[in-house]
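Following: one structure in structure tokens, then a few remarks.
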Amino acid sequence: MSRAMNVSLGETEVAALCKSAGVAISAIEVLPSGGTHLVCITGEGAEEMRHKMRKHVIEGRVRRFAFYNPRQPW
């Protein structure tokens, strides 16, 4: 099972829910269409958060912001 999920909740709310459940976050980002992309450290943590946020999980593909990584000149 994937450690990543997209939910229709705000970033601060998702972070607070993870903290209260004792689930460590690997990455978290806002989605352009609203909502949050969450990646948990462990698969078990992801399963717990999917259960806690089951009414807010977004199914299917979601558009995310592009990641810009400029090349270093060296």
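Residue numbering restarts at 1 in every chain; chains get A, B, ... in the order shown in the structure tokens, and ligands count up from 1 in that same order.
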### Message
Just want the 12 Å neighbourhood of Ala21 of chain A, counted on only C-alpha atoms, with same-chain residues fewer than 2 positions away dropped. Output as a PyMOL selection string.
### Response
chain A and resi 14-19+23-25+40+44-53
Go ahead and save the picked residues with C-alpha atoms, as a PDB file, in the first residue's frame.
```pdb
ATOM      1  CA  VAL A  14      -3.825  17.359   8.129  1.00  0.00           C
ATOM      2  CA  ALA A  15      -0.624  18.071  10.074  1.00  0.00           C
ATOM      3  CA  ALA A  16      -2.607  18.445  13.305  1.00  0.00           C
ATOM      4  CA  LEU A  17      -4.446  15.149  12.717  1.00  0.00           C
ATOM      5  CA  CYS A  18      -1.141  13.368  12.073  1.00  0.00           C
ATOM      6  CA  LYS A  19       0.385  14.861  15.203  1.00  0.00           C
ATOM      7  CA  VAL A  23       1.952   9.574  12.703  1.00  0.00           C
ATOM      8  CA  ALA A  24       5.191  10.994  11.280  1.00  0.00           C
ATOM      9  CA  ILE A  25       5.027  12.983   8.031  1.00  0.00           C
ATOM     10  CA  CYS A  40       3.668   9.357   5.748  1.00  0.00           C
ATOM     11  CA  GLU A  44       1.111   1.673   8.881  1.00  0.00           C
ATOM     12  CA  GLY A  45       0.901   5.406   9.561  1.00  0.00           C
ATOM     13  CA  ALA A  46      -0.592   5.974   6.114  1.00  0.00           C
ATOM     14  CA  GLU A  47      -3.231   3.298   6.720  1.00  0.00           C
ATOM     15  CA  GLU A  48      -4.149   4.890  10.046  1.00  0.00           C
ATOM     16  CA  MET A  49      -4.489   8.325   8.443  1.00  0.00           C
ATOM     17  CA  ARG A  50      -6.553   6.926   5.544  1.00  0.00           C
ATOM     18  CA  HIS A  51      -8.899   5.464   8.125  1.00  0.00           C
ATOM     19  CA  LYS A  52      -9.079   8.714  10.133  1.00  0.00           C
ATOM     20  CA  MET A  53      -9.635  10.854   7.014  1.00  0.00           C
TER      21      MET A  53
END
```
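Look at Ala4 of chain A: the protein and nucleic acid residues within 6 Å of it, using only C-alpha atoms and passing over chain neighbours fewer than 2 places away, are Ser2, Leu38 and Val39 of chain A.
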Please produce an output containing C-alpha atoms for each residue in the selection, written as an mmCIF file, in the first residue's frame.
```
data_model
loop_
_atom_site.group_PDB
_atom_site.id
_atom_site.type_symbol
_atom_site.label_atom_id
_atom_site.label_comp_id
_atom_site.auth_asym_id
_atom_site.auth_seq_id
_atom_site.Cartn_x
_atom_site.Cartn_y
_atom_site.Cartn_z
ATOM 1 C CA SER A 2 1.191 3.499 -0.790
ATOM 2 C CA LEU A 38 0.411 13.775 2.333
ATOM 3 C CA VAL A 39 3.212 11.201 2.453
#
```
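The interatomic distance for the pair atom CA of Ile28 of chain A and atom CA of His56 of chain A works out to 15.6 Å.
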#### Entry: Those of chain A in DSSP alpha helix (DSSP H), formatted as a PyMOL selection string
chain A and resi 11-21+43-52
Using N, CA and C atoms, can you write the selected residues to a file as an mmCIF file, in the first residue's frame?
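As written to disk, selection.cif reads:
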```
data_model
loop_
_atom_site.group_PDB
_atom_site.id
_atom_site.type_symbol
_atom_site.label_atom_id
_atom_site.label_comp_id
_atom_site.auth_asym_id
_atom_site.auth_seq_id
_atom_site.Cartn_x
_atom_site.Cartn_y
_atom_site.Cartn_z
ATOM 1 N N GLU A 11 -3.704 21.951 4.813
ATOM 2 C CA GLU A 11 -2.405 21.447 5.263
ATOM 3 C C GLU A 11 -2.271 21.463 6.785
ATOM 4 N N THR A 12 -2.681 22.543 7.424
ATOM 5 C CA THR A 12 -2.550 22.634 8.888
ATOM 6 C C THR A 12 -3.447 21.619 9.590
ATOM 7 N N GLU A 13 -4.634 21.384 9.038
ATOM 8 C CA GLU A 13 -5.544 20.407 9.638
ATOM 9 C C GLU A 13 -4.986 18.993 9.502
ATOM 10 N N VAL A 14 -4.425 18.676 8.346
ATOM 11 C CA VAL A 14 -3.825 17.359 8.129
ATOM 12 C C VAL A 14 -2.638 17.161 9.073
ATOM 13 N N ALA A 15 -1.784 18.163 9.182
ATOM 14 C CA ALA A 15 -0.624 18.071 10.074
ATOM 15 C C ALA A 15 -1.068 17.875 11.522
ATOM 16 N N ALA A 16 -2.107 18.582 11.932
ATOM 17 C CA ALA A 16 -2.607 18.445 13.305
ATOM 18 C C ALA A 16 -3.183 17.050 13.542
ATOM 19 N N LEU A 17 -3.897 16.499 12.571
ATOM 20 C CA LEU A 17 -4.446 15.149 12.717
ATOM 21 C C LEU A 17 -3.325 14.111 12.814
ATOM 22 N N CYS A 18 -2.290 14.285 12.010
ATOM 23 C CA CYS A 18 -1.141 13.368 12.073
ATOM 24 C C CYS A 18 -0.452 13.455 13.431
ATOM 25 N N LYS A 19 -0.272 14.668 13.909
ATOM 26 C CA LYS A 19 0.385 14.861 15.203
ATOM 27 C C LYS A 19 -0.423 14.215 16.321
ATOM 28 N N SER A 20 -1.749 14.421 16.313
ATOM 29 C CA SER A 20 -2.584 13.851 17.377
ATOM 30 C C SER A 20 -2.617 12.328 17.326
ATOM 31 N N ALA A 21 -2.416 11.755 16.118
ATOM 32 C CA ALA A 21 -2.398 10.298 15.978
ATOM 33 C C ALA A 21 -1.001 9.720 16.166
ATOM 34 N N GLY A 43 4.045 2.814 6.123
ATOM 35 C CA GLY A 43 2.790 2.346 5.545
ATOM 36 C C GLY A 43 1.700 2.208 6.590
ATOM 37 N N GLU A 44 2.087 1.822 7.791
ATOM 38 C CA GLU A 44 1.111 1.673 8.881
ATOM 39 C C GLU A 44 0.518 3.038 9.244
ATOM 40 N N GLY A 45 1.381 4.053 9.278
ATOM 41 C CA GLY A 45 0.901 5.406 9.561
ATOM 42 C C GLY A 45 -0.045 5.896 8.477
ATOM 43 N N ALA A 46 0.272 5.585 7.227
ATOM 44 C CA ALA A 46 -0.592 5.974 6.114
ATOM 45 C C ALA A 46 -1.954 5.296 6.221
ATOM 46 N N GLU A 47 -1.959 4.014 6.552
ATOM 47 C CA GLU A 47 -3.231 3.298 6.720
ATOM 48 C C GLU A 47 -4.074 3.918 7.831
ATOM 49 N N GLU A 48 -3.425 4.267 8.932
ATOM 50 C CA GLU A 48 -4.149 4.890 10.046
ATOM 51 C C GLU A 48 -4.756 6.228 9.619
ATOM 52 N N MET A 49 -3.981 7.018 8.873
ATOM 53 C CA MET A 49 -4.489 8.325 8.443
ATOM 54 C C MET A 49 -5.587 8.172 7.389
ATOM 55 N N ARG A 50 -5.473 7.174 6.506
ATOM 56 C CA ARG A 50 -6.553 6.926 5.544
ATOM 57 C C ARG A 50 -7.847 6.592 6.269
ATOM 58 N N HIS A 51 -7.718 5.812 7.347
ATOM 59 C CA HIS A 51 -8.899 5.464 8.125
ATOM 60 C C HIS A 51 -9.478 6.702 8.816
ATOM 61 N N LYS A 52 -8.618 7.513 9.425
ATOM 62 C CA LYS A 52 -9.079 8.714 10.133
ATOM 63 C C LYS A 52 -9.706 9.741 9.188
#
```
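For the set A:Lys55, A:Met1, A:Phe67, A:Ser8, the residue with the smallest atom-to-atom gap to His37 of chain A is A:Ser8, counting only C-alpha atoms.
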Check the DSSP output for the backbone and give back, as a compact mmCIF listing (two decimals) with N, CA and C atoms, in the first residue's frame, the residues of chain A in strand (DSSP E).
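Produced file selection_6.txt, reproduced below:
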```txt
# COMPACT_ATOMS: atom_id res chain seq x y z
N ALA A 4 1.47 7.51 0.32
CA ALA A 4 0.99 8.82 -0.12
C ALA A 4 -0.53 8.82 -0.28
N MET A 5 -1.12 9.97 -0.06
CA MET A 5 -2.57 10.14 -0.28
C MET A 5 -2.88 11.60 -0.51
N ASN A 6 -4.01 11.85 -1.13
CA ASN A 6 -4.51 13.21 -1.35
C ASN A 6 -5.82 13.34 -0.59
N VAL A 7 -5.95 14.41 0.16
CA VAL A 7 -7.16 14.62 0.94
C VAL A 7 -7.68 16.03 0.72
N ILE A 25 5.22 12.53 9.40
CA ILE A 25 5.03 12.98 8.03
C ILE A 25 6.37 13.01 7.32
N SER A 26 6.40 12.41 6.13
CA SER A 26 7.59 12.46 5.29
C SER A 26 7.56 13.71 4.41
N ALA A 27 6.39 13.99 3.81
CA ALA A 27 6.22 15.18 2.96
C ALA A 27 4.76 15.61 3.00
N ILE A 28 4.56 16.91 2.86
CA ILE A 28 3.21 17.45 2.84
C ILE A 28 3.23 18.67 1.94
N GLU A 29 2.21 18.80 1.08
CA GLU A 29 2.14 19.95 0.17
C GLU A 29 0.70 20.27 -0.17
N VAL A 30 0.46 21.52 -0.47
CA VAL A 30 -0.87 21.99 -0.86
C VAL A 30 -1.10 21.63 -2.32
N THR A 36 -4.70 18.64 0.19
CA THR A 36 -3.32 18.40 0.61
C THR A 36 -2.84 17.05 0.12
N HIS A 37 -1.58 17.01 -0.30
CA HIS A 37 -0.89 15.76 -0.64
C HIS A 37 -0.06 15.41 0.58
N LEU A 38 -0.27 14.22 1.12
CA LEU A 38 0.41 13.78 2.33
C LEU A 38 1.18 12.49 2.05
N VAL A 39 2.42 12.43 2.50
CA VAL A 39 3.21 11.20 2.45
C VAL A 39 3.67 10.92 3.88
N CYS A 40 3.29 9.76 4.39
CA CYS A 40 3.67 9.36 5.75
C CYS A 40 4.98 8.59 5.71
```
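Here atom CA of Arg3 of chain A stands at a distance of 19.1 Å from atom CA of Phe65 of chain A.
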